[in-house]
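Chemist: Handing you this structure, nothing more for now.
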Amino acid sequence: MGNKMENLSHSAQDYLEAIFILSQEKGKTRVKEVAHHLGVKKPSVVVAIKGLAEKGLVNHEHYGYVELTEKGQQVAKEIYHRHQVLSRFLNKILGLDPSLAEEDACKIEHYISPLTLERLVKFVEFVDNFPTLGQDPKWLTYFKRYAETGEPPPCKEGAEN
């Protein structure tokens, strides 16, 4: 998927992701909903959608619904997935506030390499599946405390997980 995204501006990726999210929530979406979601004016959305349509990523009838093509759906899913993983990593692992994690994920998602993203996915999955009986693993608890206070973890004995 990386190659498909390399040909898209960051703005185009944001439009695809917005269309994807809105379509998931409502089934179909309109220009005004995309504009509202992204905090931009409708004419900007029209121009962006025209460019996405020329690339075969969306279908849009004048004054009608905006729909992702099959190709657009694939690319948008990948963009959305990248965003979700980054947001979860920043919030769950690094302990950032959810709104800051969302904001930073939006910025990072356009620059991260596919390999780095793949490793982050594996890391988040690892933490999610770490056997802890519903709590953060000790090492993650220690990291969060260290990030907040600068307090190092206890001595190595008894800190195996």
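The chains in the structure tokens are called A, B, ... from first to last as shown; in each chain the residues are counted from 1, and the ligands are counted from 1 in the order shown.
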Run DSSP on the backbone and give me the residues of range 65-151 of chain A it puts in alpha helix (DSSP H), as a PyMOL selection string.
Modeler: chain A and resi 70-88+98-108+114-128+138-149
Chemist: Within 12 Å of Gln24 in chain A, counting only C-alpha atoms, which residues show up once you throw out same-chain ones fewer than 3 positions away? Write them as a PDB file with C-alpha atoms, in the first residue's frame, please.
Modeler:
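Result file is result.pdb:
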```
ATOM      1  CA  GLU A  17      -9.400   9.025   5.600  1.00  0.00           C
ATOM      2  CA  ALA A  18     -12.257  11.445   6.356  1.00  0.00           C
ATOM      3  CA  ILE A  19     -14.427   9.941   3.605  1.00  0.00           C
ATOM      4  CA  PHE A  20     -13.637   6.466   4.939  1.00  0.00           C
ATOM      5  CA  ILE A  21     -14.525   7.379   8.534  1.00  0.00           C
ATOM      6  CA  GLY A  27     -22.912   4.456   5.016  1.00  0.00           C
ATOM      7  CA  LYS A  28     -22.513   7.357   2.576  1.00  0.00           C
ATOM      8  CA  THR A  29     -21.198  10.874   2.872  1.00  0.00           C
ATOM      9  CA  GLU A  67     -18.076   7.162  -2.384  1.00  0.00           C
ATOM     10  CA  LEU A  68     -14.732   5.422  -2.282  1.00  0.00           C
ATOM     11  CA  GLN A  73     -11.290   1.881  -0.059  1.00  0.00           C
ATOM     12  CA  ALA A  76      -8.189   4.708   2.851  1.00  0.00           C
ATOM     13  CA  LYS A  77      -8.217   1.584   5.051  1.00  0.00           C
ATOM     14  CA  TYR A  80      -6.889   4.792   8.730  1.00  0.00           C
TER      15      TYR A  80
END
```
Chemist: One decimal, in Å: what's the spacing between CA of Leu117 in chain A and CA of Lys138 in chain A?
Modeler: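 Taking CA of Leu117 in chain A as the start and CA of Lys138 in chain A as the end point, the length is 24.6 Å.
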Chemist: I want to know what sits within 12 Å of Asp136 in chain A, based on only C-alpha atoms, with residues of the same chain fewer than 2 positions away left out; could you give that as JSON, numbers by chain?
Modeler: {"A": [92, 93, 95, 126, 127, 128, 129, 130, 131, 132, 133, 134, 138, 139, 140, 141, 142, 143, 144, 145, 161]}
Chemist: Residues of the last selection are to be written out with N, CA and C atoms, as an mmCIF file, in the first residue's frame.
Modeler:
```
data_model
loop_
_atom_site.group_PDB
_atom_site.id
_atom_site.type_symbol
_atom_site.label_atom_id
_atom_site.label_comp_id
_atom_site.auth_asym_id
_atom_site.auth_seq_id
_atom_site.Cartn_x
_atom_site.Cartn_y
_atom_site.Cartn_z
ATOM 1 N N LYS A 92 -1.682 4.586 24.572
ATOM 2 C CA LYS A 92 -1.594 3.430 25.472
ATOM 3 C C LYS A 92 -0.173 3.161 25.961
ATOM 4 N N ILE A 93 0.802 3.254 25.084
ATOM 5 C CA ILE A 93 2.163 2.905 25.464
ATOM 6 C C ILE A 93 2.894 4.107 26.064
ATOM 7 N N GLY A 95 1.508 6.896 27.021
ATOM 8 C CA GLY A 95 0.706 7.517 28.065
ATOM 9 C C GLY A 95 0.286 8.948 27.785
ATOM 10 N N PHE A 126 1.826 -6.860 20.813
ATOM 11 C CA PHE A 126 2.567 -7.549 21.878
ATOM 12 C C PHE A 126 2.105 -7.069 23.248
ATOM 13 N N VAL A 127 2.030 -5.745 23.408
ATOM 14 C CA VAL A 127 1.591 -5.183 24.692
ATOM 15 C C VAL A 127 0.148 -5.590 24.980
ATOM 16 N N ASP A 128 -0.707 -5.539 23.945
ATOM 17 C CA ASP A 128 -2.113 -5.924 24.128
ATOM 18 C C ASP A 128 -2.252 -7.371 24.580
ATOM 19 N N ASN A 129 -1.345 -8.221 24.138
ATOM 20 C CA ASN A 129 -1.444 -9.654 24.438
ATOM 21 C C ASN A 129 -0.486 -10.114 25.520
ATOM 22 N N PHE A 130 0.213 -9.196 26.156
ATOM 23 C CA PHE A 130 1.145 -9.545 27.220
ATOM 24 C C PHE A 130 0.340 -10.082 28.398
ATOM 25 N N PRO A 131 0.724 -11.263 28.931
ATOM 26 C CA PRO A 131 -0.073 -11.869 30.018
ATOM 27 C C PRO A 131 0.044 -11.066 31.321
ATOM 28 N N THR A 132 -1.023 -10.331 31.666
ATOM 29 C CA THR A 132 -0.957 -9.455 32.841
ATOM 30 C C THR A 132 -2.215 -9.463 33.698
ATOM 31 N N LEU A 133 -3.166 -10.280 33.373
ATOM 32 C CA LEU A 133 -4.414 -10.315 34.145
ATOM 33 C C LEU A 133 -5.123 -8.969 34.143
ATOM 34 N N GLY A 134 -5.164 -8.328 32.985
ATOM 35 C CA GLY A 134 -5.939 -7.106 32.832
ATOM 36 C C GLY A 134 -5.258 -5.823 33.266
ATOM 37 N N LYS A 138 4.378 -4.874 34.265
ATOM 38 C CA LYS A 138 5.171 -4.068 35.206
ATOM 39 C C LYS A 138 6.096 -3.109 34.477
ATOM 40 N N TRP A 139 6.734 -3.583 33.416
ATOM 41 C CA TRP A 139 7.694 -2.727 32.710
ATOM 42 C C TRP A 139 7.007 -1.492 32.138
ATOM 43 N N LEU A 140 5.744 -1.644 31.681
ATOM 44 C CA LEU A 140 5.028 -0.501 31.123
ATOM 45 C C LEU A 140 4.603 0.452 32.239
ATOM 46 N N THR A 141 4.205 -0.100 33.367
ATOM 47 C CA THR A 141 3.872 0.725 34.527
ATOM 48 C C THR A 141 5.103 1.521 34.965
ATOM 49 N N TYR A 142 6.256 0.850 35.000
ATOM 50 C CA TYR A 142 7.501 1.529 35.374
ATOM 51 C C TYR A 142 7.847 2.634 34.370
ATOM 52 N N PHE A 143 7.662 2.332 33.100
ATOM 53 C CA PHE A 143 7.964 3.350 32.081
ATOM 54 C C PHE A 143 7.061 4.563 32.259
ATOM 55 N N LYS A 144 5.767 4.333 32.431
ATOM 56 C CA LYS A 144 4.830 5.453 32.575
ATOM 57 C C LYS A 144 5.190 6.308 33.793
ATOM 58 N N ARG A 145 5.558 5.656 34.898
ATOM 59 C CA ARG A 145 5.950 6.408 36.086
ATOM 60 C C ARG A 145 7.232 7.189 35.802
ATOM 61 N N ASN A 161 8.743 -8.892 34.591
ATOM 62 C CA ASN A 161 7.844 -8.529 33.485
ATOM 63 C C ASN A 161 7.518 -7.078 33.565
#
```
Chemist: Given only C-alpha atoms as the basis, pick out the residue of A:Leu90, A:Thr149, A:Ala101, A:Glu109 nearest to Asp14 in chain A.
Modeler: A:Glu109
Chemist: With only C-alpha atoms as the basis for distance, which of A:Thr69, A:Thr116, A:Gln13, A:Ser99 is at the shortest distance from Val85 in chain A?
Modeler: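 Using only C-alpha atoms, Val85 in chain A sits closest to A:Thr116.
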Chemist: Compare A:Leu94, A:Arg30, A:Leu115, A:Gly64 by their minimum atom-to-atom distance to Ala147 in chain A, counting only C-alpha atoms, and give me the closest one.
Modeler: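 Under the stated criterion, the closest residue is A:Leu94.
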Chemist: Restricting the calculation to only C-alpha atoms: of A:Leu57, A:Glu151, A:Tyr15, A:Leu86, which residue gets closest to Lys122 in chain A?
Modeler: A:Leu86
Chemist: Using only C-alpha atoms for the distances, tell me which of A:Gln84, A:Asn91, A:Ser23, A:Ser9 is nearest to Leu52 in chain A.
Modeler: A:Ser9
Chemist: What is the CA of Asp97 in chain A to CA of Gly39 in chain A distance in Å?
Modeler: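 Atom-to-atom, CA of Asp97 in chain A to CA of Gly39 in chain A, that is 21.8 Å.
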Chemist: Run DSSP on the backbone and grab whatever in chain A lands in strand (DSSP E); send it over as a VMD selection string.
Modeler: chain A and resid 58 to 60 66 to 68
Chemist: At a cut-off of 12 Å, using only C-alpha atoms, what residues contact Glu118 in chain A? Leave out same-chain residues fewer than 4 positions from it and give the result as a PyMOL selection string.
Modeler: chain A and resi 2+78+81-82+85-86+112-114+122-125
Chemist: Please produce a file of the residues just selected, as a PDB file, in the first residue's frame, where the atoms kept are C-alpha atoms.
Modeler:
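Contents of out18.pdb, freshly written:
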```
ATOM      1  CA  GLY A   2       2.911   2.335   0.631  1.00  0.00           C
ATOM      2  CA  GLU A  78      -4.420   1.598   5.098  1.00  0.00           C
ATOM      3  CA  HIS A  81      -5.040   1.741  10.065  1.00  0.00           C
ATOM      4  CA  ARG A  82      -1.767   3.691  10.266  1.00  0.00           C
ATOM      5  CA  VAL A  85      -1.970   2.198  15.414  1.00  0.00           C
ATOM      6  CA  LEU A  86      -0.034   5.408  15.942  1.00  0.00           C
ATOM      7  CA  ILE A 112       6.387   7.022   8.964  1.00  0.00           C
ATOM      8  CA  SER A 113       7.895   4.255   6.858  1.00  0.00           C
ATOM      9  CA  PRO A 114       5.963   1.033   6.274  1.00  0.00           C
ATOM     10  CA  LYS A 122       3.672  -5.685  16.329  1.00  0.00           C
ATOM     11  CA  PHE A 123       4.717  -3.811  19.470  1.00  0.00           C
ATOM     12  CA  VAL A 124       1.184  -2.617  20.240  1.00  0.00           C
ATOM     13  CA  GLU A 125      -0.153  -6.151  19.599  1.00  0.00           C
TER      14      GLU A 125
END
```
